[in-house]
>>> print(open('structure30.cif').read())   # mmCIF, C-alpha atoms
data_upload
loop_
_atom_site.label_atom_id
_atom_site.label_comp_id
_atom_site.auth_asym_id
_atom_site.auth_seq_id
_atom_site.Cartn_x
_atom_site.Cartn_y
_atom_site.Cartn_z
CA MET A 1 -10.15 -11.80 53.00
CA LYS A 2 -10.84 -8.53 51.24
CA LYS A 3 -8.14 -7.96 48.60
CA ASN A 4 -8.41 -4.32 47.67
CA GLU A 5 -6.17 -1.57 48.98
CA LYS A 6 -8.01 1.40 50.43
CA THR A 7 -6.48 4.75 49.49
CA LEU A 8 -5.76 6.78 52.62
CA GLN A 9 -4.03 9.66 50.86
CA SER A 10 -3.16 10.48 47.26
CA ASN A 11 -0.40 12.91 46.37
CA TYR A 12 0.55 14.08 42.87
CA LEU A 13 4.29 14.69 42.55
CA TYR A 14 4.22 15.41 38.81
CA ARG A 15 1.69 16.15 36.07
CA GLY A 16 3.29 15.97 32.64
CA ARG A 17 2.61 15.70 28.94
CA ILE A 18 2.74 11.88 28.79
CA VAL A 19 2.60 10.73 32.42
CA ASN A 20 1.54 11.81 35.88
CA LEU A 21 3.22 10.47 39.00
CA ARG A 22 1.04 9.86 42.05
CA ILE A 23 1.96 8.39 45.42
CA ASP A 24 -0.88 6.63 47.23
CA ARG A 25 -0.77 5.83 50.92
CA VAL A 26 -2.85 2.63 51.17
CA GLU A 27 -4.30 0.29 53.77
CA LEU A 28 -3.35 -3.29 52.87
CA PRO A 29 -5.76 -6.24 53.24
CA ASN A 30 -4.00 -7.15 56.54
CA GLY A 31 -4.64 -3.70 58.00
CA LYS A 32 -1.04 -2.51 57.63
CA GLU A 33 -0.14 0.60 55.65
CA SER A 34 2.10 0.93 52.60
CA GLU A 35 2.86 3.29 49.74
CA ARG A 36 2.19 2.73 46.03
CA GLU A 37 3.88 4.62 43.20
CA VAL A 38 1.44 5.04 40.32
CA ILE A 39 2.24 6.29 36.82
CA GLU A 40 -0.93 7.57 35.17
CA HIS A 41 -1.12 7.39 31.37
CA ALA A 42 -3.97 8.25 28.97
CA GLY A 43 -3.81 4.89 27.15
CA ALA A 44 -2.68 4.06 23.64
CA VAL A 45 -3.34 2.02 20.54
CA GLY A 46 -1.11 -0.35 18.57
CA ILE A 47 -2.03 -1.52 15.08
CA VAL A 48 -0.71 -4.50 13.09
CA PRO A 49 -1.04 -3.24 9.47
CA VAL A 50 -1.23 -6.08 6.91
CA SER A 51 -0.50 -5.10 3.28
CA SER A 52 -2.22 -6.58 0.22
CA ASP A 53 0.74 -8.95 -0.28
CA ASN A 54 0.44 -10.12 3.34
CA LYS A 55 3.40 -8.21 4.72
CA ILE A 56 3.34 -6.50 8.10
CA ILE A 57 4.35 -2.84 8.11
CA LEU A 58 6.54 -1.98 11.08
CA VAL A 59 8.03 1.30 12.21
CA LYS A 60 11.47 2.07 13.53
CA GLN A 61 11.90 5.02 15.83
CA PHE A 62 14.21 6.33 18.50
CA ARG A 63 12.87 5.95 22.03
CA LYS A 64 14.54 8.19 24.58
CA ALA A 65 13.54 5.94 27.50
CA LEU A 66 15.70 3.19 25.95
CA ASP A 67 18.23 5.47 24.24
CA GLN A 68 17.97 3.42 21.07
CA GLU A 69 15.90 2.92 17.93
CA ILE A 70 13.46 0.05 18.24
CA ILE A 71 11.04 -1.70 15.91
CA GLU A 72 7.35 -1.56 16.75
CA ILE A 73 3.92 -1.77 15.20
CA PRO A 74 2.50 1.71 14.51
CA ALA A 75 1.19 3.05 17.79
CA GLY A 76 0.32 6.20 19.65
CA LYS A 77 -1.21 7.79 22.68
CA LEU A 78 -4.93 8.52 22.88
CA ASP A 79 -5.86 12.19 22.75
CA PRO A 80 -8.18 13.28 25.60
CA GLY A 81 -11.60 11.70 25.01
CA GLU A 82 -10.48 10.06 21.76
CA ASN A 83 -12.05 6.77 20.72
CA PRO A 84 -9.35 4.07 20.35
CA ALA A 85 -10.48 3.12 16.81
CA ASP A 86 -10.29 6.79 15.73
CA CYS A 87 -6.82 6.98 17.26
CA ALA A 88 -5.81 3.84 15.32
CA HIS A 89 -6.97 5.46 12.04
CA ARG A 90 -5.06 8.65 12.86
CA GLU A 91 -1.83 6.96 13.93
CA LEU A 92 -1.77 4.71 10.85
CA GLN A 93 -2.00 7.75 8.59
CA GLU A 94 0.58 9.71 10.59
CA GLU A 95 3.12 6.92 10.98
CA ILE A 96 2.88 4.82 7.81
CA GLY A 97 0.70 6.93 5.49
CA PHE A 98 -2.17 4.47 5.09
CA LYS A 99 -5.85 4.43 5.97
CA PRO A 100 -7.36 1.04 6.82
CA GLY A 101 -10.36 -0.24 4.83
CA LYS A 102 -10.85 -2.81 7.59
CA LEU A 103 -9.85 -2.33 11.21
CA ASP A 104 -10.44 -5.16 13.69
CA PHE A 105 -9.96 -4.98 17.43
CA ILE A 106 -8.00 -7.97 18.82
CA PHE A 107 -7.56 -7.28 22.53
CA SER A 108 -6.54 -4.62 25.00
CA CYS A 109 -3.77 -5.06 27.52
CA TYR A 110 -2.24 -3.40 30.54
CA THR A 111 1.45 -2.92 29.82
CA SER A 112 2.85 -2.49 33.35
CA PRO A 113 0.14 -3.16 35.94
CA GLY A 114 2.72 -3.16 38.74
CA PHE A 115 3.09 0.60 38.52
CA SER A 116 1.04 2.06 35.64
CA ASN A 117 -2.57 2.19 34.44
CA GLU A 118 -1.50 2.36 30.78
CA ILE A 119 -3.80 0.30 28.57
CA VAL A 120 -3.07 -0.46 24.91
CA TYR A 121 -5.84 -1.35 22.44
CA ILE A 122 -4.47 -3.67 19.75
CA TYR A 123 -5.95 -3.76 16.23
CA VAL A 124 -5.28 -5.47 12.92
CA ALA A 125 -5.61 -3.18 9.86
CA ARG A 126 -6.22 -4.47 6.33
CA ASP A 127 -7.27 -3.09 2.91
CA LEU A 128 -4.78 -0.26 3.31
CA LYS A 129 -5.16 2.84 1.14
CA GLU A 130 -2.58 5.62 0.83
CA SER A 131 -3.53 8.64 2.92
CA LYS A 132 -0.75 10.57 4.60
CA ILE A 133 -1.33 13.08 7.38
CA LYS A 134 1.38 15.01 9.14
CA CYS A 135 3.42 13.37 11.89
CA ASP A 136 3.93 14.92 15.30
CA ASP A 137 6.75 17.47 15.17
CA ASP A 138 9.00 15.39 17.41
CA GLU A 139 8.52 12.00 15.72
CA PHE A 140 11.09 10.67 13.22
CA ILE A 141 9.93 7.37 11.85
CA THR A 142 11.07 4.95 9.14
CA THR A 143 8.99 1.97 8.01
CA LEU A 144 9.84 -1.59 7.03
CA GLU A 145 7.76 -4.43 5.59
CA VAL A 146 8.27 -8.02 6.69
CA SER A 147 6.42 -11.31 6.29
CA LEU A 148 4.79 -12.87 9.33
CA GLN A 149 7.50 -15.56 9.40
CA GLU A 150 10.24 -12.90 9.21
CA ALA A 151 8.54 -11.06 12.07
CA LEU A 152 8.54 -14.28 14.10
CA HIS A 153 12.27 -14.71 13.52
CA MET A 154 12.82 -11.11 14.57
CA ILE A 155 11.06 -11.89 17.87
CA LYS A 156 13.06 -15.09 18.24
CA ASN A 157 16.36 -13.27 17.63
CA GLY A 158 15.51 -10.36 19.91
CA VAL A 159 15.35 -7.85 17.02
CA ILE A 160 11.71 -7.12 17.95
CA LYS A 161 11.49 -6.52 21.68
CA ASP A 162 8.40 -4.35 22.04
CA SER A 163 5.67 -5.97 24.09
CA LYS A 164 2.59 -4.81 22.10
CA THR A 165 4.37 -5.71 18.85
CA ILE A 166 5.18 -9.23 20.07
CA SER A 167 1.63 -9.95 21.25
CA GLY A 168 0.07 -8.45 18.09
CA ILE A 169 2.30 -10.54 15.81
CA LEU A 170 1.81 -13.75 17.83
CA ALA A 171 -1.96 -13.22 17.70
CA LEU A 172 -1.81 -12.86 13.92
CA LEU A 173 0.31 -16.03 13.63
CA LEU A 174 -2.28 -17.91 15.65
CA GLU A 175 -4.99 -16.64 13.31
CA GLY A 176 -3.02 -18.16 10.42
CA GLN A 177 -2.79 -21.44 12.34
CA ASP A 178 -6.55 -21.40 12.86
CA VAL A 179 -6.43 -22.31 16.55
CA GLY A 180 -8.78 -19.54 17.56
CA LEU A 181 -7.27 -16.09 17.49
CA PRO A 182 -8.12 -14.02 20.54
CA GLY A 183 -10.31 -11.66 18.52
CA ARG A 184 -13.74 -10.37 19.38
CA ASP A 185 -14.75 -9.14 15.95
CA GLY A 186 -14.56 -12.22 13.85
CA ILE A 187 -10.92 -11.99 12.75
CA MET B 1 19.56 11.58 8.93
CA LYS B 2 20.83 10.82 12.40
CA LYS B 3 17.91 9.48 14.46
CA ASN B 4 19.10 9.65 18.04
CA GLU B 5 18.17 12.37 20.50
CA LYS B 6 21.12 13.98 22.25
CA THR B 7 20.54 14.62 25.95
CA LEU B 8 21.17 18.27 26.76
CA GLN B 9 20.09 18.08 30.39
CA SER B 10 18.76 15.36 32.66
CA ASN B 11 16.77 16.14 35.79
CA TYR B 12 15.52 13.62 38.36
CA LEU B 13 12.18 14.68 39.86
CA TYR B 14 11.65 11.50 41.87
CA ARG B 15 13.62 8.46 43.01
CA GLY B 16 11.35 5.82 44.49
CA ARG B 17 11.09 2.18 45.49
CA ILE B 18 9.73 0.95 42.13
CA VAL B 19 10.31 3.83 39.69
CA ASN B 20 12.38 6.95 39.14
CA LEU B 21 11.06 9.89 37.13
CA ARG B 22 13.55 11.78 34.96
CA ILE B 23 12.98 14.67 32.58
CA ASP B 24 15.44 14.88 29.70
CA ARG B 25 15.90 18.00 27.63
CA VAL B 26 16.88 16.64 24.20
CA GLU B 27 18.04 17.83 20.81
CA LEU B 28 15.86 16.25 18.11
CA PRO B 29 17.24 14.95 14.79
CA ASN B 30 16.04 18.19 13.12
CA GLY B 31 18.02 20.33 15.59
CA LYS B 32 14.97 21.49 17.56
CA GLU B 33 14.71 20.92 21.28
CA SER B 34 12.07 18.97 23.19
CA GLU B 35 11.49 17.31 26.56
CA ARG B 36 11.12 13.59 27.29
CA GLU B 37 9.54 12.15 30.44
CA VAL B 38 11.30 8.90 31.36
CA ILE B 39 10.21 6.36 33.98
CA GLU B 40 13.17 4.27 35.06
CA HIS B 41 12.47 0.73 36.28
CA ALA B 42 14.87 -2.06 37.34
CA GLY B 43 13.29 -4.66 35.04
CA ALA B 44 11.22 -7.72 35.85
CA VAL B 45 10.54 -11.34 35.03
CA GLY B 46 7.31 -13.14 34.09
CA ILE B 47 7.04 -16.92 34.14
CA VAL B 48 4.46 -19.21 32.50
CA PRO B 49 4.37 -22.19 34.90
CA VAL B 50 3.11 -25.41 33.27
CA SER B 51 1.96 -28.18 35.66
CA SER B 52 2.42 -31.92 35.10
CA ASP B 53 -1.17 -32.16 33.78
CA ASN B 54 -0.48 -29.33 31.31
CA LYS B 55 -2.33 -26.59 33.17
CA ILE B 56 -1.00 -23.05 33.43
CA ILE B 57 -0.79 -21.63 36.94
CA LEU B 58 -1.90 -18.00 37.08
CA VAL B 59 -2.03 -15.54 39.95
CA LYS B 60 -4.69 -13.05 40.87
CA GLN B 61 -3.66 -9.95 42.77
CA PHE B 62 -4.81 -6.43 43.44
CA ARG B 63 -2.93 -3.77 41.48
CA LYS B 64 -3.23 -0.28 42.92
CA ALA B 65 -2.38 1.37 39.58
CA LEU B 66 -5.56 -0.19 38.14
CA ASP B 67 -7.56 -0.26 41.40
CA GLN B 68 -8.65 -3.81 40.66
CA GLU B 69 -7.56 -7.45 40.95
CA ILE B 70 -6.13 -8.79 37.71
CA ILE B 71 -4.95 -12.16 36.48
CA GLU B 72 -1.30 -12.52 35.51
CA ILE B 73 1.47 -15.04 35.15
CA PRO B 74 3.73 -15.06 38.25
CA ALA B 75 6.07 -12.10 37.95
CA GLY B 76 8.24 -9.77 39.90
CA LYS B 77 10.81 -7.04 39.89
CA LEU B 78 14.53 -7.79 39.67
CA ASP B 79 16.51 -7.08 42.82
CA PRO B 80 19.61 -4.91 42.23
CA GLY B 81 22.15 -6.97 40.29
CA GLU B 82 19.91 -10.05 40.27
CA ASN B 83 20.11 -12.47 37.36
CA PRO B 84 16.68 -12.77 35.63
CA ALA B 85 16.68 -16.61 35.87
CA ASP B 86 17.41 -16.43 39.63
CA CYS B 87 14.60 -13.90 39.97
CA ALA B 88 12.26 -16.28 38.09
CA HIS B 89 13.12 -19.11 40.52
CA ARG B 90 12.52 -16.83 43.51
CA GLU B 91 9.24 -15.36 42.28
CA LEU B 92 7.81 -18.78 41.43
CA GLN B 93 8.48 -20.00 44.96
CA GLU B 94 7.14 -16.80 46.53
CA GLU B 95 4.00 -16.49 44.41
CA ILE B 96 2.88 -20.06 43.67
CA GLY B 97 5.07 -22.20 45.96
CA PHE B 98 6.86 -24.18 43.26
CA LYS B 99 10.45 -24.54 42.11
CA PRO B 100 10.98 -25.27 38.41
CA GLY B 101 12.93 -28.39 37.36
CA LYS B 102 13.18 -26.83 33.90
CA LEU B 103 13.19 -23.10 33.19
CA ASP B 104 13.39 -21.91 29.58
CA PHE B 105 13.80 -18.33 28.43
CA ILE B 106 11.37 -17.34 25.64
CA PHE B 107 11.98 -13.65 24.97
CA SER B 108 12.39 -10.31 26.65
CA CYS B 109 10.25 -7.31 25.92
CA TYR B 110 9.99 -3.60 26.62
CA THR B 111 6.57 -2.98 28.12
CA SER B 112 6.16 0.78 27.49
CA PRO B 113 9.02 2.08 25.33
CA GLY B 114 7.23 5.41 24.83
CA PHE B 115 8.01 6.45 28.39
CA SER B 116 9.74 3.67 30.35
CA ASN B 117 12.86 1.51 30.15
CA GLU B 118 11.14 -1.42 31.89
CA ILE B 119 12.15 -4.76 30.36
CA VAL B 120 10.45 -8.06 31.21
CA TYR B 121 12.21 -11.42 30.74
CA ILE B 122 9.64 -14.13 29.94
CA TYR B 123 10.22 -17.78 30.86
CA VAL B 124 8.35 -21.08 30.70
CA ALA B 125 8.70 -23.24 33.84
CA ARG B 126 8.10 -27.02 33.87
CA ASP B 127 8.76 -30.03 36.17
CA LEU B 128 7.42 -28.01 39.10
CA LYS B 129 8.28 -29.17 42.62
CA GLU B 130 6.69 -27.81 45.81
CA SER B 131 8.97 -25.30 47.54
CA LYS B 132 7.33 -22.35 49.27
CA ILE B 133 9.26 -19.26 50.33
CA LYS B 134 7.72 -16.25 52.02
CA CYS B 135 5.90 -13.64 49.96
CA ASP B 136 6.65 -9.95 50.20
CA ASP B 137 4.80 -8.41 53.15
CA ASP B 138 2.58 -6.32 50.91
CA GLU B 139 1.61 -9.01 48.38
CA PHE B 140 -1.72 -10.87 48.67
CA ILE B 141 -1.98 -13.46 45.95
CA THR B 142 -4.37 -16.26 45.02
CA THR B 143 -3.61 -18.83 42.31
CA LEU B 144 -5.71 -20.51 39.64
CA GLU B 145 -4.99 -23.32 37.18
CA VAL B 146 -6.34 -23.25 33.64
CA SER B 147 -5.73 -25.17 30.44
CA LEU B 148 -4.04 -23.41 27.53
CA GLN B 149 -7.37 -23.30 25.66
CA GLU B 150 -9.13 -21.82 28.71
CA ALA B 151 -6.36 -19.21 28.94
CA LEU B 152 -6.92 -18.35 25.27
CA HIS B 153 -10.64 -17.84 25.91
CA MET B 154 -9.80 -15.65 28.89
CA ILE B 155 -7.70 -13.46 26.57
CA LYS B 156 -10.48 -13.45 23.97
CA ASN B 157 -13.10 -12.43 26.55
CA GLY B 158 -10.91 -9.77 28.14
CA VAL B 159 -10.60 -11.67 31.45
CA ILE B 160 -6.82 -11.75 30.98
CA LYS B 161 -5.61 -8.25 30.09
CA ASP B 162 -2.00 -8.25 31.25
CA SER B 163 0.48 -7.74 28.43
CA LYS B 164 3.25 -10.15 29.56
CA THR B 165 0.62 -12.80 30.34
CA ILE B 166 -0.94 -12.49 26.87
CA SER B 167 2.37 -12.76 25.02
CA GLY B 168 3.59 -15.63 27.22
CA ILE B 169 0.39 -17.63 26.67
CA LEU B 170 0.28 -16.92 22.91
CA ALA B 171 3.92 -18.05 22.64
CA LEU B 172 3.07 -21.31 24.41
CA LEU B 173 0.07 -21.85 22.12
CA LEU B 174 2.33 -21.40 19.10
CA GLU B 175 4.71 -23.98 20.55
CA GLY B 176 1.79 -26.45 20.66
CA GLN B 177 0.97 -25.60 17.04
CA ASP B 178 4.58 -26.31 16.07
CA VAL B 179 4.99 -23.19 13.91
CA GLY B 180 8.23 -22.20 15.55
CA LEU B 181 7.89 -20.79 19.02
CA PRO B 182 9.93 -17.65 19.53
CA GLY B 183 12.29 -19.40 21.96
CA ARG B 184 16.05 -19.32 22.04
CA ASP B 185 16.67 -22.37 24.18
CA GLY B 186 15.05 -25.11 22.25
CA ILE B 187 11.54 -24.90 23.66
#
>>> encode(input="structure30.cif", output="structure tokens")
Amino acid sequence: MKKNEKTLQSNYLYRGRIVNLRIDRVELPNGKESEREVIEHAGAVGIVPVSSDNKIILVKQFRKALDQEIIEIPAGKLDPGENPADCAHRELQEEIGFKPGKLDFIFSCYTSPGFSNEIVYIYVARDLKESKIKCDDDEFITTLEVSLQEALHMIKNGVIKDSKTISGILALLLEGQDVGLPGRDGI
Amino acid sequence: MKKNEKTLQSNYLYRGRIVNLRIDRVELPNGKESEREVIEHAGAVGIVPVSSDNKIILVKQFRKALDQEIIEIPAGKLDPGENPADCAHRELQEEIGFKPGKLDFIFSCYTSPGFSNEIVYIYVARDLKESKIKCDDDEFITTLEVSLQEALHMIKNGVIKDSKTISGILALLLEGQDVGLPGRDGI
């Protein structure tokens, strides 16, 4: 049986700065019709920055969607047409004030495939050199440095609850354990 | 400096089956005003089911937001007021036709904190017993069984690209490596 859902009609209810909302009328594989709510997003990057003394640099920022400050790896939305690696360089400088000497792609992931096309490209950054560029006007960020083991405990205790941060840190821990990190570029 | 963003006005543009879209007018920590687009979601569960011969059972399904079939751990949205563990039991029976003898919570994560409040509760399910309940009318799912090492290669090669699936599998790999899985309940 054919598995795809044919779009019969597509209707944009909202086009915004971060997301668009689209409602698709679809034909299901069994011939019936249904509706799908789709949140369009330009995609993003998340970077695990590792300092020379093997600490991970995390950022703490207020997220309106959650109405709380949460701890994440540095991350940000792709500008239109921007290459993910360029975005990773830019976000690192904006959010933690460092430029990576070495930037390795680990994997990309869909964050919420049930309703959104958002994809996040995850990198590990090393050989960090100071290089600050200005933050977005509406971002207020503080940084913290933790060891990989401390980061693991923060996941365990629910202090770190961000999806891209959890998978980036777990991937780095696996690298340390030498069981074959899911990296494409030799990390 | 105070980091939270005070809501000045909140405006619902859409209330749907899966998501709501809300625009918040906020006062930033520096006193300026800005707008935040927020996608409200009821939350979800994702379960890594481990068979008696140590295979992971994955599901393949078409996701309209991505316009493609992708491979994920069994997962599903919480019904109103539903306990995440109950939801995990239900989704396992609906999607792969098994009931877990043992269900352990690993961690919960925010999938897209930049614009959504979606939280996913991740579990590992073991001692699986056959027990099929009917799927949702608009879900068309096939299952596949892979070893943990095969799953790791699928992440490495970009065959698995779903965020909750990647973090669930990496967490299970860490458990095997005995470096302290991020679990609260002794797994």
>>> closest_atom_pairs(input="structure30.cif", of="chain B", to="chain A", cutoff="6 Å", atoms="only C-alpha atoms", output="CSV")
residue,atom,partner,partner_atom,distance
B:Asn4,CA,A:Phe62,CA,5.9
B:Val38,CA,A:Ala65,CA,5.4
B:Phe62,CA,A:Asn4,CA,5.9
B:Ala65,CA,A:Asn117,CA,5.2
B:Leu66,CA,A:Asn117,CA,5.3
B:Cys109,CA,A:Lys161,CA,4.5
B:Tyr110,CA,A:Asp162,CA,4.9
B:Thr111,CA,A:Ser163,CA,5.1
B:Phe115,CA,A:Ala65,CA,5.6
B:Ser116,CA,A:Ala65,CA,5.3
B:Asn117,CA,A:Ala65,CA,5.2
B:Lys156,CA,A:Pro182,CA,4.2
B:Lys161,CA,A:Cys109,CA,4.5
B:Asp162,CA,A:Tyr110,CA,4.9
B:Ser163,CA,A:Cys109,CA,5.1
B:Ser167,CA,A:Ser167,CA,4.8
B:Pro182,CA,A:Lys156,CA,4.2
B:Gly183,CA,A:Lys156,CA,5.7
>>> atom_distance(input="structure30.cif", atom1="atom CA of Ser52 of chain B", atom2="atom CA of Ile133 of chain B")
21.0 Å
>>> atom_distance(input="structure30.cif", atom1="atom CA of Lys134 of chain B", atom2="atom CA of Arg90 of chain B")
9.8 Å
>>> resolve_selection(input="structure30.cif", expression="the PyMOL selection byres ((chain B and resi 145) around 7)", output="PyMOL selection string")
chain B and resi 55-58+143-144+146
>>> resolve_selection(input="structure30.cif", expression="the PyMOL selection byres ((chain B and resi 45) around 9)", output="JSON, numbers by chain")
{"B": [43, 44, 46, 47, 74, 75, 76, 77, 78, 84, 85, 87, 88, 91, 108, 119, 120, 121, 122, 123]}
>>> atom_distance(input="structure30.cif", atom1="atom CA of Val59 of chain A", atom2="atom CA of Gly97 of chain A")
11.4 Å
>>> closest_residue(input="structure30.cif", among="B:Ile73, B:Ala151, B:Leu92, B:Leu8", to="Val48 of chain B", atoms="all atoms listed in the file")
B:Ile73
